[in-house]
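Printed here is final.txt (compact mmCIF, C-alpha atoms):
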```txt
# COMPACT_ATOMS: atom_id res chain seq x y z
CA MET A 1 147.62 -79.02 347.84
CA SER A 2 150.76 -81.13 347.84
CA ILE A 3 153.45 -80.37 345.29
CA GLU A 4 155.00 -83.38 343.60
CA HIS A 5 158.71 -82.96 343.01
CA GLN A 6 160.42 -84.51 340.03
CA THR A 7 164.03 -85.63 339.74
CA ILE A 8 165.66 -85.00 336.36
CA ASP A 9 168.90 -86.63 335.28
CA PHE A 10 171.29 -84.34 333.41
CA VAL A 11 174.73 -84.35 331.84
CA LYS A 12 176.87 -81.23 331.57
CA MET A 13 179.14 -81.16 328.52
CA GLN A 14 181.33 -78.61 326.81
CA GLY A 15 182.87 -78.05 323.41
CA ALA A 16 185.69 -75.50 323.25
CA GLY A 17 184.47 -74.19 326.61
CA ASN A 18 180.90 -73.63 325.38
CA ASP A 19 179.02 -75.50 328.14
CA TYR A 20 175.40 -76.68 328.19
CA VAL A 21 173.20 -78.86 330.33
CA TYR A 22 171.91 -81.85 328.33
CA ILE A 23 168.74 -83.78 329.14
CA ASN A 24 167.40 -86.97 327.57
CA CYS A 25 163.90 -86.17 326.31
CA MET A 26 163.64 -89.09 323.90
CA GLU A 27 160.75 -90.53 325.90
CA LYS A 28 159.41 -87.60 327.92
CA MET A 29 159.67 -83.84 327.41
CA ILE A 30 160.35 -81.65 330.43
CA PRO A 31 157.72 -78.97 331.20
CA SER A 32 158.41 -75.26 330.64
CA PRO A 33 161.92 -75.69 329.19
CA GLU A 34 162.36 -71.91 328.73
CA ALA A 35 162.04 -71.28 332.47
CA PHE A 36 164.03 -74.42 333.24
CA ALA A 37 166.88 -73.12 331.06
CA ILE A 38 167.12 -69.93 333.11
CA ARG A 39 167.20 -71.93 336.35
CA VAL A 40 169.84 -74.48 335.38
CA SER A 41 172.09 -71.95 333.62
CA ASP A 42 172.61 -69.76 336.68
CA ARG A 43 176.18 -70.27 337.88
CA HIS A 44 175.37 -69.41 341.50
CA TYR A 45 171.93 -70.95 342.08
CA GLY A 46 171.80 -73.55 339.32
CA ILE A 47 174.17 -75.94 337.58
CA GLY A 48 175.89 -73.21 335.57
CA SER A 49 176.00 -73.20 331.77
CA ASP A 50 175.54 -71.18 328.59
CA GLY A 51 172.11 -72.74 328.26
CA LEU A 52 170.03 -75.90 328.05
CA ILE A 53 169.90 -78.52 325.28
CA LEU A 54 167.19 -81.16 325.08
CA VAL A 55 167.80 -84.34 323.07
CA ALA A 56 164.42 -85.31 321.66
CA PRO A 57 163.03 -87.75 319.08
CA SER A 58 162.73 -86.76 315.43
CA SER A 59 160.65 -88.09 312.55
CA VAL A 60 163.23 -86.97 309.97
CA ALA A 61 166.60 -87.59 311.69
CA ASP A 62 168.25 -89.72 314.36
CA CYS A 63 167.32 -87.15 317.01
CA ARG A 64 166.31 -83.52 317.46
CA MET A 65 168.28 -80.81 319.27
CA ILE A 66 166.20 -78.23 321.12
CA MET A 67 168.44 -75.46 322.42
CA PHE A 68 167.75 -72.60 324.84
CA ASN A 69 170.04 -69.71 325.75
CA LEU A 70 170.65 -68.82 329.39
CA ASP A 71 167.99 -66.08 329.19
CA GLY A 72 165.35 -68.66 328.19
CA SER A 73 165.19 -67.69 324.51
CA GLU A 74 165.22 -70.55 322.03
CA GLY A 75 168.14 -70.74 319.62
CA LYS A 76 168.01 -72.03 316.07
CA MET A 77 171.43 -73.66 316.00
CA CYS A 78 174.45 -74.30 318.21
CA GLY A 79 177.64 -75.57 316.59
CA ASN A 80 179.41 -76.58 319.79
CA GLY A 81 176.19 -77.98 321.23
CA ILE A 82 175.40 -80.22 318.28
CA ARG A 83 178.76 -82.01 318.60
CA CYS A 84 177.90 -82.80 322.21
CA VAL A 85 174.40 -83.95 321.20
CA ALA A 86 176.04 -86.53 318.93
CA LYS A 87 178.30 -87.57 321.83
CA PHE A 88 175.25 -87.77 324.11
CA MET A 89 173.49 -90.06 321.62
CA HIS A 90 176.55 -92.33 321.42
CA ASP A 91 177.85 -92.34 324.98
CA GLU A 92 174.69 -91.85 327.06
CA ILE A 93 171.88 -93.32 324.94
CA GLY A 94 173.93 -96.02 323.23
CA CYS A 95 173.24 -95.16 319.59
CA GLU A 96 175.94 -96.86 317.50
CA LYS A 97 175.13 -95.10 314.23
CA ASN A 98 177.99 -92.97 312.89
CA PRO A 99 177.61 -90.48 311.32
CA LEU A 100 174.40 -89.23 312.90
CA THR A 101 171.74 -86.92 311.53
CA ILE A 102 170.41 -84.30 313.94
CA GLU A 103 167.37 -82.13 313.36
CA THR A 104 167.67 -78.46 314.39
CA LYS A 105 165.56 -75.36 313.79
CA SER A 106 168.10 -74.55 311.06
CA GLY A 107 167.67 -77.87 309.29
CA ILE A 108 169.17 -81.35 309.48
CA LYS A 109 172.91 -81.54 310.16
CA THR A 110 175.21 -84.55 309.74
CA VAL A 111 177.75 -85.22 312.51
CA GLU A 112 180.64 -87.67 312.30
CA LEU A 113 182.05 -88.84 315.63
CA PHE A 114 185.66 -89.74 316.40
CA ILE A 115 185.63 -92.65 318.86
CA SER A 116 188.50 -93.48 321.25
CA GLU A 117 189.81 -97.01 321.89
CA GLU A 118 187.71 -96.96 325.08
CA GLY A 119 184.56 -96.43 322.99
CA ILE A 120 184.06 -92.79 324.02
CA ALA A 121 183.30 -90.01 321.54
CA THR A 122 186.02 -87.37 321.89
CA LYS A 123 185.69 -85.20 318.77
CA ALA A 124 183.13 -84.55 316.08
CA ARG A 125 182.98 -83.10 312.58
CA VAL A 126 179.76 -81.31 311.64
CA ASN A 127 178.55 -80.50 308.16
CA MET A 128 177.06 -77.11 308.95
CA GLY A 129 175.56 -76.68 305.48
CA LYS A 130 176.07 -73.85 303.05
CA ALA A 131 176.95 -70.36 304.28
CA GLU A 132 174.29 -67.73 303.60
CA LEU A 133 175.50 -64.29 302.50
CA TYR A 134 172.30 -62.76 301.11
CA PRO A 135 171.16 -60.05 303.60
CA PRO A 136 167.38 -60.76 303.58
CA ARG A 137 168.05 -64.39 304.51
CA ILE A 138 170.48 -63.57 307.36
CA PRO A 139 168.30 -61.48 308.11
CA ALA A 140 169.65 -57.93 307.85
CA ASN A 141 168.13 -54.71 306.59
CA LEU A 142 171.06 -53.73 304.38
CA PRO A 143 171.20 -53.35 300.58
CA GLY A 144 173.13 -55.48 298.10
CA GLU A 145 173.61 -59.15 297.32
CA THR A 146 176.23 -59.46 300.09
CA VAL A 147 177.56 -57.36 302.96
CA ILE A 148 181.35 -57.73 302.84
CA ASN A 149 183.56 -55.30 304.78
CA THR A 150 180.72 -52.77 304.72
CA PRO A 151 180.68 -49.77 307.10
CA ILE A 152 177.63 -49.53 309.36
CA GLU A 153 176.86 -47.36 312.36
CA ILE A 154 176.36 -49.05 315.72
CA GLY A 155 175.99 -46.99 318.89
CA GLY A 156 177.38 -43.87 317.23
CA ASN A 157 180.51 -45.62 315.91
CA ILE A 158 181.34 -46.98 312.45
CA TYR A 159 182.29 -50.65 312.07
CA ASN A 160 183.21 -52.50 308.90
CA VAL A 161 181.16 -55.71 309.02
CA THR A 162 180.78 -58.88 307.02
CA LEU A 163 177.42 -60.60 307.47
CA VAL A 164 176.98 -64.37 307.39
CA SER A 165 174.26 -66.76 308.48
CA MET A 166 175.17 -70.27 309.56
CA GLY A 167 171.68 -70.97 310.84
CA ASN A 168 172.20 -68.03 313.19
CA PRO A 169 172.91 -64.45 312.03
CA HIS A 170 176.48 -63.21 312.50
CA ALA A 171 178.22 -59.87 312.10
CA VAL A 172 182.00 -60.30 311.79
CA VAL A 173 184.35 -57.39 312.52
CA PHE A 174 188.10 -57.64 311.90
CA VAL A 175 190.29 -55.84 314.45
CA ASP A 176 193.99 -55.47 315.17
CA SER A 177 193.65 -57.00 318.64
CA VAL A 178 190.68 -58.80 320.16
CA ASP A 179 192.02 -58.06 323.64
CA SER A 180 191.50 -54.34 323.10
CA VAL A 181 187.78 -54.73 322.30
CA ASN A 182 185.39 -53.64 325.07
CA LEU A 183 182.95 -56.44 324.32
CA GLU A 184 180.72 -55.75 327.33
CA GLU A 185 180.01 -52.30 325.88
CA ILE A 186 179.97 -52.98 322.14
CA GLY A 187 178.29 -56.43 322.11
CA PRO A 188 174.87 -55.34 323.42
CA LYS A 189 174.77 -52.45 320.93
CA PHE A 190 175.08 -54.91 318.04
CA GLU A 191 172.67 -57.35 319.68
CA HIS A 192 169.94 -54.75 320.08
CA ALA A 193 170.37 -52.94 316.74
CA VAL A 194 167.02 -54.32 315.58
CA GLU A 195 166.65 -51.67 312.89
CA LEU A 196 169.51 -53.44 311.09
CA PHE A 197 169.11 -56.96 312.50
CA PRO A 198 165.40 -57.71 313.06
CA GLU A 199 166.13 -61.06 314.75
CA SER A 200 169.13 -59.64 316.64
CA VAL A 201 172.68 -60.76 315.79
CA ASN A 202 175.74 -62.53 317.16
CA THR A 203 178.92 -60.48 316.81
CA GLU A 204 182.46 -61.79 316.33
CA PHE A 205 185.57 -59.63 316.69
CA VAL A 206 188.41 -61.34 314.87
CA GLU A 207 192.18 -60.92 314.85
CA ILE A 208 194.14 -62.26 311.85
CA ILE A 209 197.24 -64.17 313.00
CA ASP A 210 198.04 -65.54 309.55
CA GLY A 211 196.29 -67.26 306.65
CA GLN A 212 195.64 -70.45 308.63
CA ASN A 213 195.06 -69.07 312.15
CA LEU A 214 192.50 -66.63 313.53
CA ARG A 215 191.62 -65.48 317.04
CA MET A 216 188.04 -64.63 317.93
CA ARG A 217 185.88 -63.24 320.72
CA VAL A 218 182.13 -63.44 320.47
CA TRP A 219 179.07 -61.73 321.89
CA GLU A 220 176.09 -64.07 321.52
CA ARG A 221 172.55 -62.78 321.46
CA GLY A 222 170.75 -63.95 324.59
CA SER A 223 173.96 -65.09 326.32
CA GLY A 224 176.58 -62.32 326.20
CA GLU A 225 180.28 -63.13 325.82
CA THR A 226 180.83 -66.88 325.75
CA MET A 227 183.94 -69.04 325.72
CA ALA A 228 183.22 -70.15 322.16
CA CYS A 229 180.57 -70.17 319.45
CA GLY A 230 180.52 -72.91 316.82
CA THR A 231 178.41 -71.10 314.24
CA GLY A 232 180.45 -67.98 315.02
CA THR A 233 183.75 -69.66 314.19
CA CYS A 234 182.22 -70.88 310.93
CA ALA A 235 181.00 -67.36 310.11
CA THR A 236 184.44 -66.00 311.01
CA VAL A 237 186.21 -68.26 308.51
CA VAL A 238 183.63 -67.52 305.81
CA ALA A 239 184.16 -63.80 306.38
CA ALA A 240 187.95 -64.19 306.40
CA CYS A 241 187.85 -66.01 303.06
CA GLU A 242 185.42 -63.54 301.51
CA ASN A 243 187.73 -60.70 302.59
CA GLY A 244 190.83 -62.42 301.19
CA PHE A 245 192.55 -63.17 304.52
CA CYS A 246 192.21 -66.97 304.13
CA LYS A 247 191.64 -69.41 301.27
CA LYS A 248 188.56 -71.51 300.63
CA GLY A 249 189.00 -75.25 300.94
CA GLU A 250 191.77 -75.04 303.54
CA ASP A 251 191.58 -76.03 307.21
CA ILE A 252 191.57 -72.83 309.27
CA ARG A 253 192.18 -72.86 313.02
CA VAL A 254 190.06 -70.47 315.07
CA ILE A 255 191.30 -69.80 318.60
CA VAL A 256 188.56 -68.88 321.09
CA ASN A 257 188.64 -68.24 324.83
CA GLY A 258 187.73 -71.86 325.56
CA GLY A 259 189.96 -73.66 323.07
CA GLU A 260 190.05 -73.96 319.30
CA LEU A 261 188.02 -75.23 316.36
CA ASN A 262 189.02 -76.20 312.83
CA ILE A 263 186.86 -74.88 310.01
CA ASN A 264 186.89 -75.66 306.28
CA TYR A 265 184.78 -73.40 304.02
CA THR A 266 183.86 -74.45 300.50
CA ASP A 267 181.20 -73.39 297.99
CA ASP A 268 179.09 -76.39 299.04
CA CYS A 269 179.34 -76.42 302.83
CA VAL A 270 181.23 -75.47 305.97
CA LEU A 271 182.83 -78.29 307.97
CA MET A 272 183.50 -77.72 311.67
CA THR A 273 185.69 -80.05 313.74
CA GLY A 274 186.15 -79.80 317.49
CA ASP A 275 186.06 -81.56 320.83
CA CYS A 276 183.04 -82.80 322.77
CA VAL A 277 183.71 -83.35 326.46
CA LYS A 278 181.59 -84.62 329.35
CA VAL A 279 182.13 -82.49 332.45
CA PHE A 280 179.89 -84.28 334.93
CA GLU A 281 176.45 -85.82 335.40
CA GLY A 282 173.90 -85.44 338.15
CA LYS A 283 170.30 -85.18 339.29
CA LEU A 284 168.23 -82.05 339.77
CA GLU A 285 165.04 -81.89 341.81
CA VAL A 286 162.34 -79.62 340.39
```
Could I get this file's structure written as structure tokens?
Amino acid sequence: MSIEHQTIDFVKMQGAGNDYVYINCMEKMIPSPEAFAIRVSDRHYGIGSDGLILVAPSSVADCRMIMFNLDGSEGKMCGNGIRCVAKFMHDEIGCEKNPLTIETKSGIKTVELFISEEGIATKARVNMGKAELYPPRIPANLPGETVINTPIEIGGNIYNVTLVSMGNPHAVVFVDSVDSVNLEEIGPKFEHAVELFPESVNTEFVEIIDGQNLRMRVWERGSGETMACGTGTCATVVAACENGFCKKGEDIRVIVNGGELNINYTDDCVLMTGDCVKVFEGKLEV
């Protein structure tokens, strides 16, 4: 039997160093996207990325974001990815609506684009919705109405954690220096502590510079250490405010390995502002 090959157009984009492969699925969905994500994400044999994002039609928003991690698992939300989805809609598909609504597995998010004089989207501000602090809805198997600076045991060691969901579950740990954290060792222990985090967890280790500036490293479930994590920076600022390191309603800069993001946490929502950059485009034969 002959095998028919298919050529798929793609765009690689990054936000704060968090890179994904983006594919236009507004008219036709690609087959087996979980396996395809693993293939394209490989940095030696594929394109190289933190995962795959499909831009698909939606009956309730301007488009739908379908996101897969580099291990093929589907993610509920991606803060850096959703900014690039809005850019993709504007720059690649030609949608002139601004702001845009984007459907995700964590609900509908509104994204406002900042457009250059050349007509290119360069930055975006995302309304990430309200932060969730109630453990059963994170989800986490821990008592109380919130988990703020609470000691838990992970891999035989005690860590003081603050738990936040921004569509994805996050455990935030404040440390004196993020450079001293052995993330390759500690990250997987948090990720696989399913007795505490039944849907696994993303873990942020955060260094307080001052009341307006934080530094963060992140271990993402399904991806490992990444250059940045949009929902993670949001969770970091929420945790910093809840612990008294920062103030609600102020713009807080979070420095990550791939750049920086600006986060504003209020009682009503969390606003995230950051870049959205096209790296290159190409064709892949499958």
Contacts between region 111-132 of chain A and region 12-86 of chain A, please, where a residue of region 12-86 of chain A counts if it comes within 10 Å (with all atoms listed in the file); show its shortest atom pair and distance in Å to one decimal, rows by chain and ascending number, as CSV.
```
residue,atom,partner,partner_atom,distance
A:Gly15,CA,A:Lys123,CA,9.0
A:Met77,CA,A:Met128,CA,9.7
A:Gly79,CA,A:Met128,CA,7.8
A:Asn80,CA,A:Val126,CA,9.4
A:Ile82,CA,A:Val111,CA,8.0
A:Arg83,CA,A:Ala124,CA,5.6
A:Cys84,CA,A:Ala124,CA,8.2
A:Val85,CA,A:Val111,CA,9.4
A:Ala86,CA,A:Val111,CA,6.8
```
A straight line from CA of Tyr159 (chain A) to CA of Cys229 (chain A) spans 20.9 Å
Size and centre in Å, one decimal, axis-aligned box, all listed region 111-127 of chain A atoms plus 4 Å per side, as JSON:
```
{"center_x": 183.8, "center_y": -88.8, "center_z": 316.6, "size_x": 20.1, "size_y": 24.5, "size_z": 24.9}
```
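Taking only C-alpha atoms into account, Ser106 (chain A) lies nearest to A:Met166 out of the set A:Met166, A:Ile154, A:Glu207, A:Lys247.
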Please provide the set of residues having any atom within 9 Å of Ala37 (chain A), restricted to only C-alpha atoms, with same-chain residues fewer than 2 positions apart removed, written as an mmCIF file with C-alpha atoms, in the frame of the given file.
```
data_model
loop_
_atom_site.group_PDB
_atom_site.id
_atom_site.type_symbol
_atom_site.label_atom_id
_atom_site.label_comp_id
_atom_site.auth_asym_id
_atom_site.auth_seq_id
_atom_site.Cartn_x
_atom_site.Cartn_y
_atom_site.Cartn_z
ATOM 1 C CA VAL A 21 173.200 -78.860 330.330
ATOM 2 C CA SER A 32 158.410 -75.260 330.640
ATOM 3 C CA PRO A 33 161.920 -75.690 329.190
ATOM 4 C CA GLU A 34 162.360 -71.910 328.730
ATOM 5 C CA ALA A 35 162.040 -71.280 332.470
ATOM 6 C CA ARG A 39 167.200 -71.930 336.350
ATOM 7 C CA VAL A 40 169.840 -74.480 335.380
ATOM 8 C CA SER A 41 172.090 -71.950 333.620
ATOM 9 C CA ASP A 42 172.610 -69.760 336.680
ATOM 10 C CA GLY A 51 172.110 -72.740 328.260
ATOM 11 C CA LEU A 52 170.030 -75.900 328.050
ATOM 12 C CA ILE A 53 169.900 -78.520 325.280
ATOM 13 C CA PHE A 68 167.750 -72.600 324.840
ATOM 14 C CA ASN A 69 170.040 -69.710 325.750
ATOM 15 C CA LEU A 70 170.650 -68.820 329.390
ATOM 16 C CA ASP A 71 167.990 -66.080 329.190
ATOM 17 C CA GLY A 72 165.350 -68.660 328.190
ATOM 18 C CA SER A 73 165.190 -67.690 324.510
#
```
Interatomic distance (Å, one decimal) between CA of Asp251 (chain A) and CA of Gln212 (chain A):
7.0 Å
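Taking only C-alpha atoms into account, Gly222 (chain A) lies nearest to A:Ile38 out of the set A:Ile8, A:Ile138, A:Leu163, A:Ile38.
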